[in-house]
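> Next comes the structure file query04.txt, holding compact mmCIF, C-alpha atoms.
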```
# COMPACT_ATOMS: atom_id res chain seq x y z
CA GLN A 15 -4.12 1.33 31.70
CA VAL A 16 -2.60 2.18 28.30
CA PHE A 17 -4.58 5.44 28.15
CA ALA A 18 -3.59 6.26 31.73
CA MET A 19 0.10 5.80 30.86
CA GLY A 20 -0.24 7.79 27.63
CA ASP A 21 -2.24 10.69 29.07
CA ARG A 22 0.56 11.81 31.37
CA GLY A 23 1.62 14.05 28.47
CA THR A 24 4.73 16.13 28.07
CA SER A 25 5.35 19.83 28.23
CA ASN A 26 7.17 20.05 24.91
CA GLY A 27 7.34 18.07 21.68
CA SER A 28 11.13 17.81 21.97
CA GLU A 29 10.81 15.98 25.32
CA VAL A 30 8.81 13.10 23.86
CA THR A 31 10.97 9.97 23.89
CA ASP A 32 8.30 7.42 23.05
CA PHE A 33 4.63 6.93 22.17
CA ILE A 34 2.05 4.30 23.08
CA LEU A 35 0.21 2.52 20.27
CA VAL A 36 -3.26 1.89 21.71
CA GLY A 37 -4.18 -0.51 18.90
CA PHE A 38 -7.62 -2.09 18.81
CA ARG A 39 -10.01 -1.43 21.68
CA VAL A 40 -11.07 -4.99 22.34
CA ARG A 41 -11.09 -7.26 25.38
CA PRO A 42 -7.60 -8.56 26.29
CA GLU A 43 -8.68 -12.18 25.70
CA LEU A 44 -9.26 -11.32 22.02
CA TYR A 45 -5.63 -10.23 21.55
CA ILE A 46 -4.49 -13.80 20.88
CA LEU A 47 -7.14 -14.12 18.15
CA LEU A 48 -6.02 -10.83 16.56
CA PHE A 49 -2.39 -11.92 16.83
CA LEU A 50 -3.13 -15.20 15.03
CA LEU A 51 -5.13 -13.33 12.36
CA PHE A 52 -2.28 -10.84 11.79
CA LEU A 53 0.24 -13.70 11.73
CA LEU A 54 -1.78 -15.62 9.13
CA VAL A 55 -2.27 -12.57 6.90
CA TYR A 56 1.40 -11.54 7.20
CA ALA A 57 2.56 -15.09 6.38
CA MET A 58 0.36 -15.01 3.26
CA ILE A 59 1.84 -11.59 2.33
CA LEU A 60 5.38 -12.95 2.63
CA LEU A 61 4.59 -16.15 0.74
CA GLY A 62 2.59 -14.44 -2.02
CA ASN A 63 4.87 -11.49 -2.70
CA VAL A 64 8.20 -13.31 -2.32
CA GLY A 65 6.76 -16.05 -4.55
CA MET A 66 5.65 -13.49 -7.15
CA VAL A 67 9.09 -11.82 -7.24
CA ALA A 68 10.79 -15.24 -7.48
CA VAL A 69 8.54 -16.34 -10.38
CA ILE A 70 9.13 -13.08 -12.30
CA LEU A 71 12.92 -13.21 -11.79
CA THR A 72 13.31 -16.89 -12.76
CA ASP A 73 11.04 -17.15 -15.80
CA PRO A 74 12.40 -15.51 -19.02
CA ARG A 75 8.88 -15.37 -20.50
CA LEU A 76 7.95 -12.81 -17.84
CA ASN A 77 10.74 -10.44 -18.86
CA THR A 78 8.27 -7.79 -20.05
CA PRO A 79 7.34 -4.27 -18.84
CA MET A 80 4.08 -5.49 -17.28
CA TYR A 81 5.87 -8.04 -15.08
CA PHE A 82 8.69 -5.62 -14.30
CA PHE A 83 6.06 -3.31 -12.79
CA LEU A 84 4.33 -6.24 -11.09
CA GLY A 85 7.61 -7.35 -9.49
CA ASN A 86 8.10 -3.85 -8.08
CA LEU A 87 4.48 -3.83 -6.86
CA SER A 88 5.16 -7.06 -4.93
CA PHE A 89 8.39 -5.57 -3.53
CA ILE A 90 6.52 -2.46 -2.31
CA ASP A 91 3.68 -4.54 -0.79
CA LEU A 92 6.19 -6.73 1.00
CA PHE A 93 8.07 -3.82 2.53
CA TYR A 94 5.27 -1.52 3.62
CA SER A 95 3.35 -4.37 5.27
CA SER A 96 6.61 -5.34 7.02
CA VAL A 97 6.84 -1.80 8.41
CA ILE A 98 3.44 -2.28 10.11
CA ALA A 99 2.65 -5.94 10.85
CA PRO A 100 5.61 -7.12 13.03
CA LYS A 101 5.29 -4.18 15.47
CA ALA A 102 1.50 -4.60 15.65
CA MET A 103 1.93 -8.32 16.47
CA ILE A 104 4.54 -7.58 19.16
CA ASN A 105 2.15 -5.08 20.78
CA PHE A 106 -0.57 -7.73 21.16
CA TRP A 107 1.75 -9.37 23.74
CA SER A 108 3.26 -6.19 25.19
CA GLU A 109 1.81 -4.46 28.23
CA SER A 110 3.48 -1.11 27.55
CA LYS A 111 2.65 -1.09 23.78
CA SER A 112 5.33 1.56 23.40
CA ILE A 113 7.24 2.67 20.32
CA SER A 114 10.27 4.97 20.51
CA PHE A 115 10.10 8.46 19.00
CA ALA A 116 12.72 7.43 16.40
CA GLY A 117 10.80 4.21 15.72
CA CYS A 118 7.59 6.18 15.15
CA VAL A 119 9.33 8.60 12.77
CA THR A 120 10.87 5.68 10.85
CA GLN A 121 7.55 3.81 10.65
CA LEU A 122 5.66 6.84 9.30
CA PHE A 123 8.46 7.74 6.87
CA LEU A 124 8.78 4.23 5.36
CA PHE A 125 5.04 3.62 5.22
CA ALA A 126 4.38 6.99 3.53
CA LEU A 127 7.22 6.36 1.06
CA PHE A 128 5.96 2.93 -0.06
CA ILE A 129 2.22 3.72 -0.11
CA VAL A 130 2.77 6.82 -2.29
CA ALA A 131 5.20 4.91 -4.53
CA GLU A 132 2.51 2.24 -4.98
CA GLY A 133 -0.02 4.87 -6.12
CA PHE A 134 2.37 6.20 -8.78
CA LEU A 135 3.37 2.66 -9.80
CA LEU A 136 -0.30 1.72 -10.35
CA ALA A 137 -0.62 4.79 -12.61
CA ALA A 138 2.46 3.62 -14.56
CA MET A 139 0.88 0.15 -14.88
CA ALA A 140 -2.33 1.72 -16.24
CA TYR A 141 -0.27 3.61 -18.84
CA ASP A 142 1.48 0.33 -19.74
CA ARG A 143 -1.90 -1.37 -20.34
CA PHE A 144 -3.05 1.64 -22.40
CA ILE A 145 -0.04 1.34 -24.73
CA ALA A 146 -0.37 -2.48 -24.93
CA ILE A 147 -4.03 -2.34 -26.00
CA CYS A 148 -4.29 0.95 -27.89
CA ASN A 149 -0.88 0.90 -29.66
CA PRO A 150 0.18 -2.78 -29.70
CA LEU A 151 2.45 -2.44 -32.75
CA LEU A 152 4.48 0.31 -31.05
CA TYR A 153 4.42 -1.29 -27.59
CA SER A 154 8.01 -2.58 -27.55
CA VAL A 155 9.29 0.78 -28.83
CA GLN A 156 7.25 3.04 -26.54
CA MET A 157 7.56 0.89 -23.38
CA SER A 158 11.35 0.63 -23.62
CA THR A 159 13.50 -0.70 -20.78
CA ARG A 160 14.75 2.83 -20.15
CA LEU A 161 11.22 4.26 -19.83
CA CYS A 162 10.13 1.42 -17.49
CA ILE A 163 13.12 2.04 -15.20
CA GLN A 164 12.41 5.79 -15.25
CA LEU A 165 8.74 5.25 -14.34
CA VAL A 166 9.62 2.95 -11.42
CA ALA A 167 12.45 5.22 -10.22
CA GLY A 168 10.08 8.18 -10.51
CA SER A 169 7.50 6.37 -8.36
CA TYR A 170 10.05 5.79 -5.60
CA PHE A 171 11.35 9.37 -5.92
CA CYS A 172 7.84 10.86 -5.58
CA GLY A 173 7.24 8.55 -2.61
CA CYS A 174 10.48 9.71 -0.98
CA ILE A 175 9.81 13.44 -1.49
CA SER A 176 6.23 13.10 -0.24
CA SER A 177 7.36 11.07 2.77
CA VAL A 178 10.06 13.58 3.75
CA LEU A 179 7.52 16.44 3.61
CA GLN A 180 4.76 14.53 5.45
CA THR A 181 7.06 13.19 8.17
CA SER A 182 8.76 16.57 8.73
CA LEU A 183 5.38 18.28 8.89
CA THR A 184 4.00 15.78 11.41
CA PHE A 185 6.95 15.65 13.78
CA THR A 186 7.41 19.42 14.04
CA LEU A 187 4.16 19.37 16.06
CA SER A 188 4.25 19.54 19.86
CA PHE A 189 2.88 16.44 21.60
CA CYS A 190 2.02 17.79 25.03
CA ALA A 191 -1.57 16.56 25.28
CA SER A 192 -0.90 12.82 25.30
CA ARG A 193 1.53 10.09 24.26
CA ALA A 194 -1.20 7.54 23.44
CA ILE A 195 -1.71 7.16 19.66
CA ASP A 196 -5.18 5.71 19.07
CA HIS A 197 -4.03 3.46 16.23
CA PHE A 198 -1.99 0.30 15.63
CA TYR A 199 0.82 2.15 13.84
CA CYS A 200 2.18 5.71 13.60
CA ASP A 201 0.07 7.62 11.10
CA THR A 202 -0.46 11.33 10.47
CA ARG A 203 -4.09 11.74 11.58
CA PRO A 204 -3.78 9.88 14.92
CA LEU A 205 -0.61 11.87 15.68
CA GLN A 206 -2.41 15.13 14.89
CA ARG A 207 -5.15 14.18 17.39
CA ILE A 208 -2.66 14.09 20.30
CA SER A 209 -0.90 17.32 19.35
CA CYS A 210 -1.50 20.60 21.18
CA SER A 211 -0.18 22.67 18.25
CA ASP A 212 -2.38 24.74 15.96
CA LEU A 213 -3.20 22.28 13.18
CA PHE A 214 -4.78 24.65 10.64
CA ILE A 215 -1.67 25.23 8.49
CA ASN A 216 -0.56 21.62 9.00
CA ARG A 217 -3.90 20.26 7.75
CA ILE A 218 -3.99 22.62 4.75
CA ILE A 219 -0.50 21.49 3.68
CA SER A 220 -1.35 17.80 4.33
CA PHE A 221 -4.54 18.10 2.27
CA SER A 222 -2.69 19.89 -0.57
CA LEU A 223 0.04 17.23 -0.53
CA SER A 224 -2.56 14.43 -0.66
CA ALA A 225 -4.33 16.15 -3.57
CA ILE A 226 -1.03 16.58 -5.48
CA ILE A 227 -0.31 12.86 -5.00
CA ILE A 228 -3.77 11.32 -5.50
CA LEU A 229 -5.29 13.46 -8.28
CA PRO A 230 -2.58 12.99 -10.97
CA THR A 231 -2.45 9.21 -10.40
CA ILE A 232 -6.24 8.88 -10.57
CA ILE A 233 -6.41 11.09 -13.69
CA VAL A 234 -3.75 8.96 -15.45
CA ILE A 235 -5.61 5.74 -14.49
CA LEU A 236 -9.02 7.10 -15.57
CA ILE A 237 -7.82 8.51 -18.91
CA SER A 238 -5.89 5.30 -19.66
CA TYR A 239 -8.97 3.18 -19.05
CA LEU A 240 -11.25 5.48 -21.03
CA TYR A 241 -9.00 4.95 -24.07
CA ILE A 242 -8.73 1.22 -23.31
CA VAL A 243 -12.53 0.76 -23.10
CA SER A 244 -13.00 2.81 -26.29
CA THR A 245 -10.44 0.65 -28.14
CA VAL A 246 -11.75 -2.66 -26.79
CA LEU A 247 -15.35 -1.86 -27.81
CA LYS A 248 -14.12 -1.41 -31.43
CA ILE A 249 -12.78 -5.00 -31.48
CA ARG A 250 -15.25 -7.09 -33.44
CA SER A 251 -14.55 -10.55 -32.04
CA THR A 252 -15.90 -11.50 -28.62
CA GLU A 253 -12.74 -13.51 -27.91
CA GLY A 254 -10.56 -10.48 -28.70
CA ARG A 255 -12.58 -8.22 -26.37
CA LYS A 256 -12.47 -10.81 -23.61
CA LYS A 257 -8.69 -11.21 -23.93
CA ALA A 258 -8.14 -7.43 -23.89
CA PHE A 259 -10.32 -6.91 -20.81
CA SER A 260 -8.70 -9.85 -18.99
CA THR A 261 -5.29 -8.14 -19.19
CA CYS A 262 -6.73 -5.14 -17.30
CA SER A 263 -9.08 -6.78 -14.80
CA SER A 264 -6.33 -7.69 -12.32
CA HIS A 265 -4.94 -4.14 -12.32
CA LEU A 266 -8.43 -2.66 -11.91
CA GLY A 267 -9.07 -4.98 -8.96
CA VAL A 268 -5.87 -3.86 -7.20
CA VAL A 269 -6.59 -0.15 -7.88
CA SER A 270 -10.18 -0.47 -6.57
CA VAL A 271 -9.13 -2.16 -3.31
CA LEU A 272 -6.30 0.28 -2.56
CA TYR A 273 -8.03 3.55 -3.45
CA GLY A 274 -11.35 2.40 -1.97
CA ALA A 275 -9.68 1.77 1.41
CA VAL A 276 -7.68 5.04 1.29
CA PHE A 277 -10.76 7.15 0.48
CA PHE A 278 -12.81 5.36 3.15
CA MET A 279 -10.15 6.09 5.77
CA TYR A 280 -9.72 9.76 4.90
CA LEU A 281 -13.48 10.37 4.65
CA THR A 282 -14.12 8.76 8.06
CA PRO A 283 -14.65 11.48 10.70
CA ASP A 284 -12.14 11.69 13.58
CA ARG A 285 -14.87 10.73 16.05
CA PHE A 286 -14.87 7.19 14.58
CA PRO A 287 -11.22 6.07 15.05
CA GLU A 288 -12.14 2.37 15.03
CA LEU A 289 -13.54 2.70 11.48
CA SER A 290 -10.26 4.33 10.41
CA LYS A 291 -8.36 1.36 11.86
CA VAL A 292 -10.48 -1.09 9.84
CA ALA A 293 -9.88 0.92 6.64
CA SER A 294 -6.15 1.09 7.46
CA LEU A 295 -6.12 -2.70 7.83
CA CYS A 296 -7.45 -2.97 4.28
CA TYR A 297 -4.55 -1.15 2.65
CA THR A 298 -1.76 -2.06 5.10
CA LEU A 299 -2.39 -5.83 5.21
CA VAL A 300 -5.38 -6.94 3.11
CA THR A 301 -4.26 -5.25 -0.14
CA PRO A 302 -0.67 -6.65 -0.01
CA MET A 303 -2.17 -10.10 0.67
CA LEU A 304 -4.69 -9.89 -2.20
CA ASN A 305 -2.44 -8.39 -4.89
CA PRO A 306 -0.39 -11.55 -5.65
CA LEU A 307 -3.57 -13.65 -5.44
CA ILE A 308 -5.42 -11.39 -7.89
CA TYR A 309 -2.55 -11.44 -10.39
CA SER A 310 -1.72 -15.14 -10.06
CA LEU A 311 -5.29 -16.46 -10.16
CA ARG A 312 -6.30 -14.33 -13.16
CA ASN A 313 -3.07 -14.53 -15.12
CA LYS A 314 -2.26 -17.53 -17.29
CA ASP A 315 1.45 -16.62 -17.69
CA VAL A 316 2.01 -16.34 -13.93
CA LYS A 317 0.20 -19.63 -13.27
CA GLU A 318 2.31 -21.44 -15.87
CA ALA A 319 5.55 -19.88 -14.56
CA LEU A 320 4.64 -20.84 -10.98
CA LYS A 321 3.84 -24.40 -12.06
CA LYS A 322 7.18 -24.59 -13.89
CA LEU A 323 9.06 -23.28 -10.82
CA LEU A 324 7.37 -25.81 -8.50
CA GLU A 325 8.11 -28.66 -10.93
CA LYS A 326 11.78 -27.60 -11.04
CA LYS A 327 11.94 -27.63 -7.21
CA ASN A 328 10.32 -31.09 -7.08
CA THR A 329 12.86 -32.38 -9.60
CA ILE A 330 15.75 -31.05 -7.49
CA VAL A 331 14.27 -32.65 -4.33
```
Could you render the structure as structure tokens?


Amino acid sequence: QVFAMGDRGTSNGSEVTDFILVGFRVRPELYILLFLLFLLVYAMILLGNVGMVAVILTDPRLNTPMYFFLGNLSFIDLFYSSVIAPKAMINFWSESKSISFAGCVTQLFLFALFIVAEGFLLAAMAYDRFIAICNPLLYSVQMSTRLCIQLVAGSYFCGCISSVLQTSLTFTLSFCASRAIDHFYCDTRPLQRISCSDLFINRIISFSLSAIIILPTIIVILISYLYIVSTVLKIRSTEGRKKAFSTCSSHLGVVSVLYGAVFFMYLTPDRFPELSKVASLCYTLVTPMLNPLIYSLRNKDVKEALKKLLEKKNTIV
């Protein structure tokens, strides 16, 4: 029924007033199970990331560059998952599964902004760990408050510029073939599939933009960790090496999950849209859920700050 409604098409891209988010191709009776799963994951995202921001803001011991970046990472995770999850949950109960043209533009713009900002922020966090381990005596000088603010602001700025370009590029296409987007949110590739425009130039620019975004961040992360590993291996004591590696393991875990899911999605052929949806789930919902868990479970400072915050609340009660 959804495909039948969406395949009516339009004669011109400017006439499109709404799209239909097909979502997951499963039996209708499984929608309630998917809804409950999304609700559980989204509740954990809210609890974990709001909790992480609250802990960082309330504990003076966490007033360091590393936790400043981590607080912004939680903020980004919270917002870009909120761009996707609520609409997806509403569509599990909706028969029309529609999203307005403006709503689709907004969803793609905000998601692209925050996901690109996260990539640059993870590169900044890798640089922070590089300075902390390779130049510990100069850490407080090199990772100044001004530099930290500039790195975070730069991440958001790059996300904004990239998002403006990607969104403009996508919505200048004509959508006369279909209105049914075979995905659970508005994303570039599913929108390209329903366009009747010539996609050659569009895809070249999209690929170039992705390369400009992904390659520098990966290079910064790789070079930072090459220096970190080289420095850590020179530490004579086992305890010292273990402590140095433990400060990086959480960041490496987050980077692996995010980039692994992104590469899997973009390397999946268009003829397997369901695989793309699974990969998209990983970085739209699973990654924002795991990030606070990874950092809180493997970080002694965060665990102590969280314990202190909970004890303070119990005292007030």

> Would you give me, as a Markdown table, each residue of segment 224-274 of chain A having an atom within 12 Å of an atom of segment 172-195 of chain A, along with its shortest atom pair and that distance in Å to one decimal, using all atoms listed in the file and sorting by chain and residue number?


```
| residue | atom | partner | partner_atom | distance |
| --- | --- | --- | --- | --- |
| A:Ser224 | CA | A:Ser176 | CA | 8.9 |
| A:Ala225 | CA | A:Ser176 | CA | 11.5 |
| A:Ile226 | CA | A:Ser176 | CA | 9.6 |
| A:Ile227 | CA | A:Ser176 | CA | 8.1 |
| A:Ile228 | CA | A:Ser176 | CA | 11.4 |
| A:Pro230 | CA | A:Cys172 | CA | 11.9 |
| A:Thr231 | CA | A:Cys172 | CA | 11.5 |
```

> Smallest atom-to-atom distance to Glu43 of chain A: which of A:Phe106, A:Lys321, A:Thr120, A:Thr72, using only C-alpha atoms?

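Residue with the minimum atom-to-atom distance to Glu43 of chain A: A:Phe106.
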
> Excluding segment 108-111 of chain A and residues on its chain fewer than 2 positions from it, collect all residues at most 6 Å away from it, counting only C-alpha atoms, and give them as a list in words.

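Here the answer would be Ile34, Leu35, Asn105 and Phe106 of chain A.
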
> Go through A:Ser290, A:Thr252, A:Ser222, A:Ser96 and flag the residue nearest Phe38 of chain A, using all atoms listed in the file for the distances.

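Between A:Ser290, A:Thr252, A:Ser222, A:Ser96, the residue approaching Phe38 of chain A most closely is A:Ser290.
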
> With the cut-off set at 12 Å and counting all atoms listed in the file, tabulate each residue of segment 217-271 of chain A with an atom at most that distance from an atom of segment 75-89 of chain A, showing the nearest atom pair and its distance in Å to one decimal, ordered by chain and increasing number, as JSON lines.


```
{"residue": "A:Thr261", "atom": "CA", "partner": "A:Met80", "partner_atom": "CA", "distance": 9.9}
{"residue": "A:Cys262", "atom": "CA", "partner": "A:Met80", "partner_atom": "CA", "distance": 10.8}
{"residue": "A:Ser264", "atom": "CA", "partner": "A:Leu84", "partner_atom": "CA", "distance": 10.8}
{"residue": "A:His265", "atom": "CA", "partner": "A:Leu84", "partner_atom": "CA", "distance": 9.6}
{"residue": "A:Val268", "atom": "CA", "partner": "A:Leu87", "partner_atom": "CA", "distance": 10.4}
{"residue": "A:Val269", "atom": "CA", "partner": "A:Leu87", "partner_atom": "CA", "distance": 11.7}
```

> Using all atoms listed in the file, can you tell me which of A:Val246, A:Ile46, A:Ala319, A:Ile232 comes closest to Gly274 of chain A?

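With all atoms listed in the file as the atom set, the closest residue is A:Ile232.
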
> As an exercise, work out the distance from atom CA of Ile104 of chain A to atom CA of Gly117 of chain A in Å and give it to one decimal place.

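Atom-to-atom, atom CA of Ile104 of chain A to atom CA of Gly117 of chain A, that is 13.8 Å.
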
> Find the residues near segment 156-165 of chain A: any atom within 10 Å, counting only C-alpha atoms, skip ones fewer than 6 places away on the same chain, and give them as a PyMOL selection string.

chain A and resi 78-80+82-83+134-135+137-139+141-142+145-146+149-150+171

> Please report the interatomic distance between atom CA of Leu136 of chain A and atom CA of Asn313 of chain A in Å with one decimal.

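Interatomic distance, atom CA of Leu136 of chain A to atom CA of Asn313 of chain A: 17.2 Å.
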
> Measuring between all atoms listed in the file, which one of A:Asp32, A:Ala131, A:Pro204, A:Pro42 shows the shortest distance to Pro283 of chain A?

A:Pro204

> Can you work out the spacing between atom CA of Leu44 of chain A and atom CA of Trp107 of chain A in Å, to one decimal?

11.3 Å

> Pick the closest to Ile90 of chain A from A:Asn305, A:Lys317, A:Val271, A:Ile242: which is it, counting only C-alpha atoms?

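Distance minimum relative to Ile90 of chain A lands on A:Asn305.
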
> Nearest to Leu122 of chain A: which of A:Ala258, A:Ile98, A:Val40, A:Leu299 is it, counting all atoms listed in the file?

A:Ile98

> Residues at most 9 Å from Phe52 of chain A, counting only C-alpha atoms, excluding those fewer than 6 positions away in the same chain, as a PDB file with C-alpha atoms, in the coordinates of the input?


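That gives us selection11.pdb:
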```
ATOM      1  CA  ALA A  99       2.650  -5.940  10.850  1.00  0.00           C
ATOM      2  CA  PRO A 100       5.610  -7.120  13.030  1.00  0.00           C
ATOM      3  CA  ALA A 102       1.500  -4.600  15.650  1.00  0.00           C
ATOM      4  CA  MET A 103       1.930  -8.320  16.470  1.00  0.00           C
ATOM      5  CA  LEU A 299      -2.390  -5.830   5.210  1.00  0.00           C
TER       6      LEU A 299
END
```

> Counting all atoms listed in the file, which residues have an atom no more than 10 Å from (4.8, -7.9, -0.8) in the file's coordinates? Please list them as number ranges by chain.

A: 56, 58-67, 85-96, 299, 301-306

> Create the file for the chosen residues now, containing C-alpha atoms and written as a CSV table (one decimal), keeping the file's coordinate frame.


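And here's result_0.csv as it stands now:
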```
chain,number,residue,atom,x,y,z
A,56,TYR,CA,1.4,-11.5,7.2
A,58,MET,CA,0.4,-15.0,3.3
A,59,ILE,CA,1.8,-11.6,2.3
A,60,LEU,CA,5.4,-13.0,2.6
A,61,LEU,CA,4.6,-16.2,0.7
A,62,GLY,CA,2.6,-14.4,-2.0
A,63,ASN,CA,4.9,-11.5,-2.7
A,64,VAL,CA,8.2,-13.3,-2.3
A,65,GLY,CA,6.8,-16.0,-4.6
A,66,MET,CA,5.6,-13.5,-7.2
A,67,VAL,CA,9.1,-11.8,-7.2
A,85,GLY,CA,7.6,-7.4,-9.5
A,86,ASN,CA,8.1,-3.8,-8.1
A,87,LEU,CA,4.5,-3.8,-6.9
A,88,SER,CA,5.2,-7.1,-4.9
A,89,PHE,CA,8.4,-5.6,-3.5
A,90,ILE,CA,6.5,-2.5,-2.3
A,91,ASP,CA,3.7,-4.5,-0.8
A,92,LEU,CA,6.2,-6.7,1.0
A,93,PHE,CA,8.1,-3.8,2.5
A,94,TYR,CA,5.3,-1.5,3.6
A,95,SER,CA,3.4,-4.4,5.3
A,96,SER,CA,6.6,-5.3,7.0
A,299,LEU,CA,-2.4,-5.8,5.2
A,301,THR,CA,-4.3,-5.2,-0.1
A,302,PRO,CA,-0.7,-6.6,0.0
A,303,MET,CA,-2.2,-10.1,0.7
A,304,LEU,CA,-4.7,-9.9,-2.2
A,305,ASN,CA,-2.4,-8.4,-4.9
A,306,PRO,CA,-0.4,-11.6,-5.6
```

> What would segment 87-102 of chain A look like with N, CA, C and O atoms restored, written as an mmCIF file, keeping the file's coordinate frame?


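Saved the output as part_1.cif:
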```
data_model
loop_
_atom_site.group_PDB
_atom_site.id
_atom_site.type_symbol
_atom_site.label_atom_id
_atom_site.label_comp_id
_atom_site.auth_asym_id
_atom_site.auth_seq_id
_atom_site.Cartn_x
_atom_site.Cartn_y
_atom_site.Cartn_z
ATOM 1 N N LEU A 87 5.691 -3.917 -7.688
ATOM 2 C CA LEU A 87 4.480 -3.830 -6.860
ATOM 3 C C LEU A 87 4.562 -4.817 -5.696
ATOM 4 O O LEU A 87 4.251 -4.475 -4.545
ATOM 5 N N SER A 88 5.003 -6.037 -5.973
ATOM 6 C CA SER A 88 5.160 -7.060 -4.930
ATOM 7 C C SER A 88 6.231 -6.642 -3.915
ATOM 8 O O SER A 88 6.070 -6.851 -2.709
ATOM 9 N N PHE A 89 7.315 -6.056 -4.411
ATOM 10 C CA PHE A 89 8.390 -5.570 -3.530
ATOM 11 C C PHE A 89 7.860 -4.489 -2.578
ATOM 12 O O PHE A 89 8.114 -4.519 -1.367
ATOM 13 N N ILE A 90 7.090 -3.545 -3.115
ATOM 14 C CA ILE A 90 6.520 -2.460 -2.310
ATOM 15 C C ILE A 90 5.546 -3.027 -1.271
ATOM 16 O O ILE A 90 5.593 -2.667 -0.091
ATOM 17 N N ASP A 91 4.647 -3.924 -1.709
ATOM 18 C CA ASP A 91 3.680 -4.540 -0.790
ATOM 19 C C ASP A 91 4.368 -5.265 0.347
ATOM 20 O O ASP A 91 3.948 -5.189 1.509
ATOM 21 N N LEU A 92 5.423 -5.971 0.012
ATOM 22 C CA LEU A 92 6.190 -6.730 1.000
ATOM 23 C C LEU A 92 6.799 -5.816 2.050
ATOM 24 O O LEU A 92 6.712 -6.076 3.252
ATOM 25 N N PHE A 93 7.364 -4.709 1.606
ATOM 26 C CA PHE A 93 8.070 -3.820 2.530
ATOM 27 C C PHE A 93 7.138 -2.970 3.368
ATOM 28 O O PHE A 93 7.353 -2.804 4.567
ATOM 29 N N TYR A 94 6.082 -2.403 2.768
ATOM 30 C CA TYR A 94 5.270 -1.520 3.620
ATOM 31 C C TYR A 94 4.408 -2.305 4.600
ATOM 32 O O TYR A 94 4.120 -1.823 5.696
ATOM 33 N N SER A 95 4.048 -3.544 4.273
ATOM 34 C CA SER A 95 3.350 -4.370 5.270
ATOM 35 C C SER A 95 4.304 -4.795 6.379
ATOM 36 O O SER A 95 3.907 -4.921 7.541
ATOM 37 N N SER A 96 5.598 -4.965 6.025
ATOM 38 C CA SER A 96 6.610 -5.340 7.020
ATOM 39 C C SER A 96 6.944 -4.185 7.967
ATOM 40 O O SER A 96 7.449 -4.404 9.065
ATOM 41 N N VAL A 97 6.655 -2.972 7.541
ATOM 42 C CA VAL A 97 6.840 -1.800 8.410
ATOM 43 C C VAL A 97 5.769 -1.786 9.511
ATOM 44 O O VAL A 97 6.018 -1.305 10.611
ATOM 45 N N ILE A 98 4.589 -2.349 9.201
ATOM 46 C CA ILE A 98 3.440 -2.280 10.110
ATOM 47 C C ILE A 98 3.211 -3.562 10.922
ATOM 48 O O ILE A 98 3.103 -3.533 12.147
ATOM 49 N N ALA A 99 3.123 -4.699 10.226
ATOM 50 C CA ALA A 99 2.650 -5.940 10.850
ATOM 51 C C ALA A 99 3.494 -6.450 12.020
ATOM 52 O O ALA A 99 2.936 -6.780 13.079
ATOM 53 N N PRO A 100 4.830 -6.564 11.909
ATOM 54 C CA PRO A 100 5.610 -7.120 13.030
ATOM 55 C C PRO A 100 5.432 -6.342 14.336
ATOM 56 O O PRO A 100 5.252 -6.938 15.402
ATOM 57 N N LYS A 101 5.454 -4.996 14.264
ATOM 58 C CA LYS A 101 5.290 -4.180 15.470
ATOM 59 C C LYS A 101 3.891 -4.340 16.060
ATOM 60 O O LYS A 101 3.722 -4.416 17.281
ATOM 61 N N ALA A 102 2.883 -4.410 15.180
ATOM 62 C CA ALA A 102 1.500 -4.600 15.650
ATOM 63 C C ALA A 102 1.365 -5.943 16.374
ATOM 64 O O ALA A 102 0.701 -6.033 17.416
#
```
